[in-house]
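Source file: structure-v3.cif (mmCIF, C-alpha atoms)
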data_upload
#
loop_
_atom_site.label_atom_id
_atom_site.label_comp_id
_atom_site.auth_asym_id
_atom_site.auth_seq_id
_atom_site.Cartn_x
_atom_site.Cartn_y
_atom_site.Cartn_z
CA MET A 1 0.00 0.00 0.00
CA TYR A 2 2.76 2.41 0.96
CA ARG A 3 4.62 1.55 -2.25
CA LYS A 4 1.53 2.41 -4.29
CA LEU A 5 1.09 5.67 -2.39
CA ILE A 6 4.71 6.73 -3.01
CA LEU A 7 4.47 5.71 -6.66
CA GLY A 8 1.27 7.72 -7.01
CA VAL A 9 2.92 10.82 -5.55
CA MET A 10 5.88 10.41 -7.92
CA ILE A 11 3.51 10.14 -10.89
CA ILE A 12 1.68 13.31 -9.81
CA PHE A 13 4.99 15.16 -9.59
CA ALA A 14 6.03 13.93 -13.01
CA LEU A 15 2.73 14.87 -14.65
CA SER A 16 2.73 18.32 -13.07
CA GLY A 17 6.34 19.04 -14.03
CA CYS A 18 7.36 19.17 -10.36
CA GLY A 19 10.38 17.41 -8.96
CA GLN A 20 10.46 15.88 -5.51
CA ASP A 21 12.05 19.13 -4.29
CA GLY A 22 8.83 21.01 -5.08
CA VAL A 23 10.36 22.96 -7.97
CA LYS A 24 8.24 23.13 -11.09
CA ARG A 25 10.11 22.60 -14.36
CA GLU A 26 8.62 23.55 -17.70
CA ALA A 27 10.38 24.25 -21.02
CA GLU A 28 13.76 22.84 -22.02
CA PHE A 29 16.61 24.74 -23.68
CA LYS A 30 20.17 24.34 -24.96
CA GLY A 31 23.13 24.79 -22.63
CA LYS A 32 23.19 25.56 -18.92
CA ILE A 33 21.92 28.51 -16.89
CA TYR A 34 23.91 29.32 -13.75
CA PHE A 35 22.40 31.34 -10.92
CA GLU A 36 22.72 32.29 -7.28
CA SER A 37 20.28 30.33 -5.12
CA ASN A 38 19.45 29.60 -1.49
CA ARG A 39 19.06 25.85 -1.96
CA PHE A 40 21.93 24.94 0.36
CA PRO A 41 21.85 23.88 4.04
CA GLY A 42 21.40 26.76 6.46
CA LYS A 43 18.75 28.70 8.32
CA SER A 44 19.31 32.15 6.85
CA TYR A 45 20.14 33.81 3.53
CA LEU A 46 23.75 34.26 4.63
CA GLU A 47 24.06 30.55 5.41
CA ASN A 48 22.21 28.83 2.56
CA THR A 49 23.31 30.81 -0.52
CA GLY A 50 25.54 29.47 -3.27
CA THR A 51 25.83 28.61 -6.96
CA SER A 52 23.39 26.31 -8.76
CA TYR A 53 22.79 25.61 -12.43
CA TYR A 54 19.93 24.25 -14.53
CA THR A 55 20.34 21.98 -17.54
CA GLY A 56 16.73 22.09 -18.70
CA LYS A 57 16.09 18.74 -17.06
CA LYS A 58 17.62 18.98 -13.61
CA ILE A 59 19.02 21.47 -11.11
CA ILE A 60 22.55 20.96 -9.86
CA ASP A 61 23.36 22.65 -6.56
CA PHE A 62 27.02 23.19 -7.29
CA LYS A 63 28.87 25.09 -4.56
CA LYS A 64 27.83 26.68 -1.29
CA ASP A 65 29.12 30.21 -0.47
CA TRP A 66 29.89 30.96 -4.13
CA TRP A 67 27.98 34.21 -4.65
CA ASP A 68 27.19 36.18 -7.81
CA PRO A 69 28.27 33.38 -10.20
CA GLN A 70 29.01 34.20 -13.84
CA ILE A 71 29.85 31.47 -16.34
CA ASN A 72 31.48 32.51 -19.60
CA LYS A 73 29.64 31.72 -22.83
CA ARG A 74 31.94 28.76 -23.60
CA GLY A 75 31.03 27.23 -20.27
CA ASP A 76 34.63 26.46 -19.27
CA LYS A 77 35.26 29.14 -16.62
CA LEU A 78 33.09 30.24 -13.73
CA ALA A 79 33.80 33.50 -11.89
CA TYR A 80 32.23 34.23 -8.52
CA LYS A 81 32.55 36.25 -5.35
CA PRO A 82 33.35 34.14 -2.25
CA PHE A 83 31.27 34.77 0.82
CA VAL A 84 33.13 35.08 4.11
CA ARG A 85 30.97 34.99 7.22
CA GLY A 86 31.19 38.13 9.29
CA SER A 87 31.93 40.43 6.36
CA ASN A 88 30.53 41.02 2.89
CA ASP A 89 33.23 43.57 2.05
CA ILE A 90 35.44 41.09 0.22
CA GLY A 91 38.18 42.21 -2.17
CA GLU A 92 38.48 38.89 -3.91
CA VAL A 93 37.34 37.28 -7.15
CA ASN A 94 37.70 33.56 -7.79
CA ILE A 95 37.79 31.71 -11.10
CA PHE A 96 36.95 28.02 -11.33
CA ASP A 97 38.11 26.04 -14.37
CA VAL A 98 35.20 23.69 -15.05
CA SER A 99 37.18 20.99 -16.90
CA SER A 100 40.32 20.83 -14.74
CA GLU A 101 38.52 21.89 -11.52
CA ARG A 102 41.38 24.24 -10.81
CA LEU A 103 40.52 27.22 -8.60
CA GLU A 104 42.35 30.53 -8.92
CA GLN A 105 41.97 33.33 -6.39
CA TYR A 106 42.56 36.97 -7.24
CA ASP A 107 42.88 39.62 -4.55
CA VAL A 108 41.73 43.04 -5.68
CA PRO A 109 42.00 46.37 -3.81
CA TYR A 110 38.25 47.02 -3.98
CA ILE A 111 35.04 45.73 -2.45
CA VAL A 112 33.75 43.48 -5.20
CA LEU A 113 30.15 43.33 -6.39
CA ARG A 114 28.53 42.13 -9.62
CA VAL A 115 31.20 40.11 -11.41
CA LYS A 116 30.91 39.74 -15.20
CA TRP A 117 33.05 38.41 -18.03
CA VAL A 118 34.21 40.69 -20.81
CA PRO A 119 33.02 38.76 -23.91
CA ASN A 120 35.47 36.57 -25.83
CA SER A 121 38.33 37.19 -23.40
CA ASP A 122 39.79 36.14 -20.07
CA LYS A 123 39.12 39.58 -18.62
CA LEU A 124 36.77 40.04 -15.70
CA SER A 125 34.74 43.12 -14.93
CA PHE A 126 33.11 44.05 -11.65
CA ILE A 127 31.56 46.87 -9.68
CA GLY A 128 34.22 47.88 -7.18
CA GLY A 129 33.92 49.99 -4.06
CA GLU A 130 36.79 52.18 -2.86
CA MET A 131 36.86 53.68 0.62
CA THR A 132 37.16 57.46 0.85
CA LYS A 133 38.95 59.35 3.61
CA GLY A 134 35.55 60.01 5.17
CA GLY A 135 34.86 56.29 5.46
CA GLU A 136 32.32 56.17 2.63
CA LYS A 137 32.49 54.13 -0.55
CA THR A 138 32.67 55.32 -4.15
CA TRP A 139 31.57 52.77 -6.73
CA ASN A 140 32.97 52.27 -10.24
CA ILE A 141 33.28 49.57 -12.86
CA TYR A 142 36.69 47.98 -13.34
CA VAL A 143 38.16 45.46 -15.77
CA TYR A 144 40.74 43.01 -14.46
CA ASP A 145 43.05 41.29 -16.94
CA THR A 146 43.81 37.91 -15.36
CA SER A 147 46.75 37.29 -17.71
CA ASN A 148 48.88 40.21 -16.48
CA LYS A 149 46.94 41.10 -13.31
CA THR A 150 46.29 44.70 -14.27
CA PHE A 151 43.23 46.86 -13.63
CA MET A 152 41.44 49.34 -15.85
CA LYS A 153 38.95 51.78 -14.35
CA ILE A 154 36.10 52.22 -16.84
CA THR A 155 33.83 54.70 -15.09
CA ASP A 156 34.85 57.79 -13.15
CA ASN A 157 32.28 58.24 -10.41
CA LYS A 158 33.61 60.36 -7.54
CA THR A 159 30.37 60.75 -5.59
CA PRO A 160 29.99 58.50 -2.52
CA LYS A 161 26.84 56.40 -2.11
CA ILE A 162 26.11 56.48 -5.85
CA PHE A 163 25.74 52.79 -6.59
CA ILE A 164 26.15 51.72 -10.22
CA GLY A 165 23.53 49.22 -11.30
CA GLY A 166 23.64 46.74 -14.16
CA PHE A 167 26.19 46.81 -16.95
CA SER A 168 27.04 44.85 -20.08
CA PHE A 169 29.79 44.81 -22.73
CA SER A 170 29.54 44.74 -26.50
CA PRO A 171 30.69 41.39 -27.98
CA ASP A 172 34.02 42.90 -29.11
CA GLY A 173 34.60 44.35 -25.62
CA LYS A 174 35.11 47.87 -26.99
CA LYS A 175 31.99 49.44 -25.50
CA MET A 176 30.05 49.11 -22.28
CA ILE A 177 26.56 50.13 -21.26
CA TYR A 178 25.64 50.81 -17.64
CA GLY A 179 23.09 52.48 -15.41
CA ILE A 180 24.02 55.04 -12.76
CA PRO A 181 21.66 56.93 -10.42
CA LYS A 182 20.91 60.56 -11.17
CA THR A 183 22.34 62.92 -8.57
CA ASN A 184 19.39 65.29 -8.15
CA ALA A 185 16.47 63.29 -9.51
CA PRO A 186 14.93 59.83 -9.16
CA GLY A 187 15.90 57.07 -11.53
CA ARG A 188 19.07 56.15 -13.41
CA LEU A 189 20.95 57.47 -16.39
CA VAL A 190 21.87 54.86 -19.00
CA LYS A 191 25.20 55.46 -20.70
CA ILE A 192 27.26 53.79 -23.42
CA ILE A 193 30.98 54.36 -23.01
CA ASP A 194 33.80 53.73 -25.48
CA ILE A 195 36.45 51.83 -23.51
CA ASP A 196 39.45 53.24 -25.43
CA THR A 197 38.45 56.89 -25.80
CA GLY A 198 36.13 57.36 -22.83
CA ALA A 199 33.52 58.99 -25.08
CA THR A 200 30.06 58.64 -23.56
CA LYS A 201 26.58 58.60 -25.06
CA VAL A 202 23.55 59.08 -22.80
CA LEU A 203 20.40 57.18 -23.77
CA PRO A 204 16.88 58.45 -22.94
CA PHE A 205 16.11 55.43 -20.75
CA ASN A 206 16.18 54.59 -17.08
CA SER A 207 17.28 51.08 -16.20
CA GLY A 208 19.57 49.03 -14.01
CA ASN A 209 19.08 45.75 -15.90
CA MET A 210 20.47 45.21 -19.40
CA ASP A 211 22.29 42.78 -21.71
CA TRP A 212 24.04 43.19 -25.07
CA SER A 213 23.17 40.65 -27.77
CA PRO A 214 25.96 38.32 -29.03
CA ASP A 215 25.75 39.81 -32.53
CA GLY A 216 26.18 43.32 -31.12
CA LYS A 217 23.06 44.69 -32.79
CA THR A 218 20.62 44.91 -29.87
CA ILE A 219 20.59 45.87 -26.20
CA ILE A 220 17.71 44.68 -24.07
CA PHE A 221 16.60 46.58 -20.97
CA ALA A 222 14.30 45.26 -18.25
CA GLY A 223 12.00 47.14 -15.90
CA THR A 224 12.76 50.44 -17.60
CA TYR A 225 11.34 53.92 -17.61
CA TYR A 226 11.00 55.97 -20.74
CA GLU A 227 11.71 59.70 -20.51
CA ASP A 228 9.94 61.95 -23.04
CA ASP A 229 9.83 65.76 -22.83
CA GLY A 230 10.57 65.66 -19.12
CA LYS A 231 7.76 63.21 -18.40
CA MET A 232 8.54 59.81 -16.93
CA ASN A 233 6.36 56.77 -17.40
CA LEU A 234 6.89 53.53 -15.51
CA GLY A 235 7.73 50.85 -18.04
CA ASN A 236 7.68 47.58 -16.15
CA ARG A 237 8.49 45.65 -19.31
CA PHE A 238 11.25 44.95 -21.81
CA MET A 239 12.72 47.52 -24.17
CA PHE A 240 14.81 46.62 -27.22
CA TYR A 241 17.35 49.18 -28.43
CA ASP A 242 18.86 49.07 -31.93
CA VAL A 243 22.54 49.96 -31.48
CA GLU A 244 23.09 51.17 -35.06
CA SER A 245 19.94 53.23 -35.66
CA GLY A 246 19.14 54.28 -32.10
CA ASP A 247 15.54 53.15 -32.54
CA TYR A 248 13.83 51.31 -29.73
CA ARG A 249 10.77 49.18 -29.16
CA ILE A 250 8.86 48.95 -25.88
CA MET A 251 7.31 45.55 -25.39
CA GLU A 252 3.80 45.32 -24.03
CA LYS A 253 3.49 43.46 -20.76
CA PRO A 254 2.08 39.96 -21.43
CA GLY A 255 -1.03 39.30 -19.41
CA GLY A 256 -1.70 42.96 -18.67
CA LYS A 257 -0.22 45.43 -16.20
CA ASP A 258 -1.15 43.38 -13.12
CA ALA A 259 0.08 39.98 -14.38
CA PHE A 260 3.27 40.18 -12.27
CA GLN A 261 5.33 42.70 -10.31
CA TYR A 262 8.40 43.18 -12.49
CA ILE A 263 11.10 41.53 -14.60
CA GLU A 264 14.87 41.69 -14.22
CA GLU A 265 18.25 40.35 -15.34
CA PRO A 266 17.70 39.61 -19.05
CA CYS A 267 20.43 37.30 -20.35
CA TYR A 268 20.98 36.25 -23.98
CA SER A 269 21.68 32.64 -24.86
CA PRO A 270 25.13 32.02 -26.42
CA ASP A 271 23.59 31.86 -29.93
CA GLY A 272 21.49 34.98 -29.33
CA LEU A 273 18.22 33.25 -30.22
CA LYS A 274 16.73 33.19 -26.71
CA ILE A 275 16.69 35.43 -23.64
CA ALA A 276 16.42 34.16 -20.07
CA PHE A 277 15.15 36.44 -17.32
CA ILE A 278 13.79 36.53 -13.79
CA ARG A 279 10.15 37.32 -13.23
CA VAL A 280 8.94 38.47 -9.82
CA GLU A 281 5.36 37.37 -9.27
CA ASN A 282 2.69 39.36 -7.43
CA SER A 283 3.31 37.12 -4.41
CA GLY A 284 6.97 38.19 -4.37
CA ALA A 285 8.17 34.76 -5.50
CA LYS A 286 10.82 34.65 -8.22
CA SER A 287 10.69 32.38 -11.25
CA LEU A 288 13.01 31.78 -14.20
CA TRP A 289 11.61 32.42 -17.68
CA MET A 290 12.73 32.32 -21.30
CA MET A 291 11.56 34.07 -24.46
CA ASP A 292 12.60 34.38 -28.09
CA ALA A 293 15.06 37.14 -28.97
CA ASP A 294 12.23 39.30 -30.37
CA GLY A 295 10.34 39.13 -27.06
CA SER A 296 7.75 36.58 -28.11
CA ASN A 297 6.97 33.07 -26.91
CA TRP A 298 7.35 33.43 -23.14
CA LYS A 299 7.96 30.12 -21.37
CA MET A 300 8.52 29.41 -17.71
CA LEU A 301 11.63 27.38 -16.96
CA LEU A 302 11.55 27.12 -13.15
CA SER A 303 9.19 28.18 -10.38
CA GLY A 304 8.99 27.44 -6.68
CA ILE A 305 12.78 27.70 -6.49
CA GLY A 306 13.09 30.40 -3.84
CA HIS A 307 15.89 32.95 -4.22
CA ILE A 308 17.37 33.32 -7.70
CA ASP A 309 19.80 36.00 -8.84
CA SER A 310 22.84 36.66 -11.08
CA ILE A 311 21.87 34.44 -14.00
CA SER A 312 24.28 33.62 -16.83
CA TRP A 313 23.90 31.25 -19.79
CA CYS A 314 26.59 29.08 -21.38
CA GLU A 315 26.85 26.50 -24.16
#
Encoding of this model in structure tokens:
Amino acid sequence: MYRKLILGVMIIFALSGCGQDGVKREAEFKGKIYFESNRFPGKSYLENTGTSYYTGKKIIDFKKDWWDPQINKRGDKLAYKPFVRGSNDIGEVNIFDVSSERLEQYDVPYIVLRVKWVPNSDKLSFIGGEMTKGGEKTWNIYVYDTSNKTFMKITDNKTPKIFIGGFSFSPDGKKMIYGIPKTNAPGRLVKIIDIDTGATKVLPFNSGNMDWSPDGKTIIFAGTYYEDDGKMNLGNRFMFYDVESGDYRIMEKPGGKDAFQYIEEPCYSPDGLKIAFIRVENSGAKSLWMMDADGSNWKMLLSGIGHIDSISWCE
């Protein structure tokens, strides 16, 4: 009898797309999606957070205390920020070689947040905090060349407490887009900066979540505002920006304005045909979704997973 009961429960889970961990799995995809999760042993967020990844069929809870994971598009190197109990002000970035399982540790003279790979290179970028004489932090984006252990400061923010949001590099690594808070007004300025010359272009958007397509033609923003003649309209949706023409398209919110709270962290697949993203439901729960590169064909990948952040997609 008990065998039949257990078998029946397993069949219900299988038919509903739920695993025995209570996570609902839907659509499949190519490659792996890495993310920060709280699926590890521990009673609090600080104790149970680490790096997991999803293959489209199963979730692998990879390493505890590996925060803000970012896999490169090839899938052979994973960068992350180690968590040290008692302090989150860590000036360290680690790189894990997936094939050889070799771990390299890099000490940096900044408080490290938001690690990202510079495309098609072994260079890492991150938001770094530097202490001022007054004991406050100024935040900027840096690029660290792991081959010669040199730093390049990309932005030049000198104002304390101005926290830079999301950022993304063009596929050739020559340009970067980022969001930075306005000093005397709500919202963020979105800027594209030329890495070599420092020339900056300000876009008429407001966003802290963005990703640059692998072909270099499109930048996607999530949860944006649109600014027109001094008026600001909440745009809790995706916006697609054409890099060459400067044209943009605001995507209507599927299901209507009250279908969910907001969307964040868009991430292109390695081939540029799909985009993964996090959707925050009206309940506050986070779920992992996927859509086609033009914004159509939304499909849920994972729900009921708890905390999910810092997604990256590899082959």
| request: Kindly resolve the PyMOL selection byres ((chain A and resi 139) around 9) on the present coordinates and return the residues as a PyMOL selection string. | output: chain A and resi 111+127-130+137-138+140-141+155-164
| the PyMOL selection byres ((chain A and resi 50-61) around 8) resolved against shown file, as a list of chain:residue names |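 What the PyMOL selection byres ((chain A and resi 50-61) around 8) grabs from the file is A:Arg25, A:Ala27, A:Glu28, A:Phe29, A:Lys30, A:Gly31, A:Lys32, A:Ile33, A:Tyr34, A:Phe35, A:Glu36, A:Ser37, A:Asn38, A:Arg39, A:Phe40, A:Asn48, A:Thr49, A:Phe62, A:Lys63, A:Lys64, A:Asp65, A:Trp66, A:Trp67, A:Asp68, A:Pro69, A:Leu301.
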Test item: the PyMOL selection byres ((chain A and resi 165-174) around 7) resolved as a short mmCIF file (atom, residue, chain, number, x, y, z; two decimals) with C-alpha atoms, in the coordinates of the input:
data_model
loop_
_atom_site.label_atom_id
_atom_site.label_comp_id
_atom_site.auth_asym_id
_atom_site.auth_seq_id
_atom_site.Cartn_x
_atom_site.Cartn_y
_atom_site.Cartn_z
CA VAL A 118 34.21 40.69 -20.81
CA PRO A 119 33.02 38.76 -23.91
CA PHE A 163 25.74 52.79 -6.59
CA ILE A 164 26.15 51.72 -10.22
CA LYS A 175 31.99 49.44 -25.50
CA MET A 176 30.05 49.11 -22.28
CA ILE A 177 26.56 50.13 -21.26
CA TYR A 178 25.64 50.81 -17.64
CA GLY A 179 23.09 52.48 -15.41
CA ILE A 180 24.02 55.04 -12.76
CA ASP A 194 33.80 53.73 -25.48
CA ILE A 195 36.45 51.83 -23.51
CA GLY A 208 19.57 49.03 -14.01
CA ASN A 209 19.08 45.75 -15.90
CA MET A 210 20.47 45.21 -19.40
CA ASP A 211 22.29 42.78 -21.71
CA TRP A 212 24.04 43.19 -25.07
CA PRO A 214 25.96 38.32 -29.03
CA ASP A 215 25.75 39.81 -32.53
CA GLY A 216 26.18 43.32 -31.12
#
| field | For CA of Ile308 (chain A) and CA of Lys43 (chain A), the interatomic separation in Å (one decimal) | value |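 Atom-to-atom, CA of Ile308 (chain A) to CA of Lys43 (chain A), that is 16.7 Å.
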| task | Tell me which of A:Phe151, A:Ser296, A:Asn120, A:Gly75 sits closest to Val108 (chain A), counting only C-alpha atoms. | result |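 Of the candidates, the smallest distance to Val108 (chain A) is held by A:Phe151.
Taking CA of Gly284 (chain A) and CA of Glu26 (chain A) as endpoints, the distance between them is 19.9 Å.
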Adding 8 Å on each side of the box along x, y and z that holds all listed atoms of region 273-282 of chain A, could you give its centre and edge lengths in Å to one decimal, as lines of an AutoDock Vina configuration file?
center_x = 10.5
center_y = 36.3
center_z = -18.8
size_x = 31.5
size_y = 22.2
size_z = 38.8
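Across the model, the gap from CA of Val23 (chain A) to CA of Gly304 (chain A) is 4.9 Å.
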| request: Name the residues in contact with Tyr248 (chain A) at a cut-off of 12 Å, using only C-alpha atoms, excluding same-chain residues fewer than 3 positions from it; report them as a ChimeraX atom specification. | output: /A:203-205,217-221,226,238-245,251
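When all atoms listed in the file are used to measure the gap to His307 (chain A), the shortest distance among A:Leu103, A:Lys123, A:Ala293, A:Val280 belongs to A:Val280.
Using only C-alpha atoms, the protein and nucleic acid residues lying at most 10 Å from the point (33.0, 42.5, -8.5) are Asp68, Ala79, Tyr80, Lys81, Ile90, Gly91, Glu92, Val93, Val108, Tyr110, Ile111, Val112, Leu113, Arg114, Val115, Lys116, Leu124, Ser125, Phe126, Ile127, Gly128, Gly129, Asn140, Ile141, Tyr142, Val143 and Tyr144 of chain A.
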| Within 12 Å of Asp76 (chain A) using only C-alpha atoms, minus same-chain residues under 3 positions, as a VMD selection string | chain A and resid 32 70 to 73 79 95 to 102 122 313 to 315
| Best match for closeness to Phe277 (chain A) among A:Trp298, A:Tyr106, A:Phe260, A:Trp117, counting all atoms listed in the file | A:Trp298
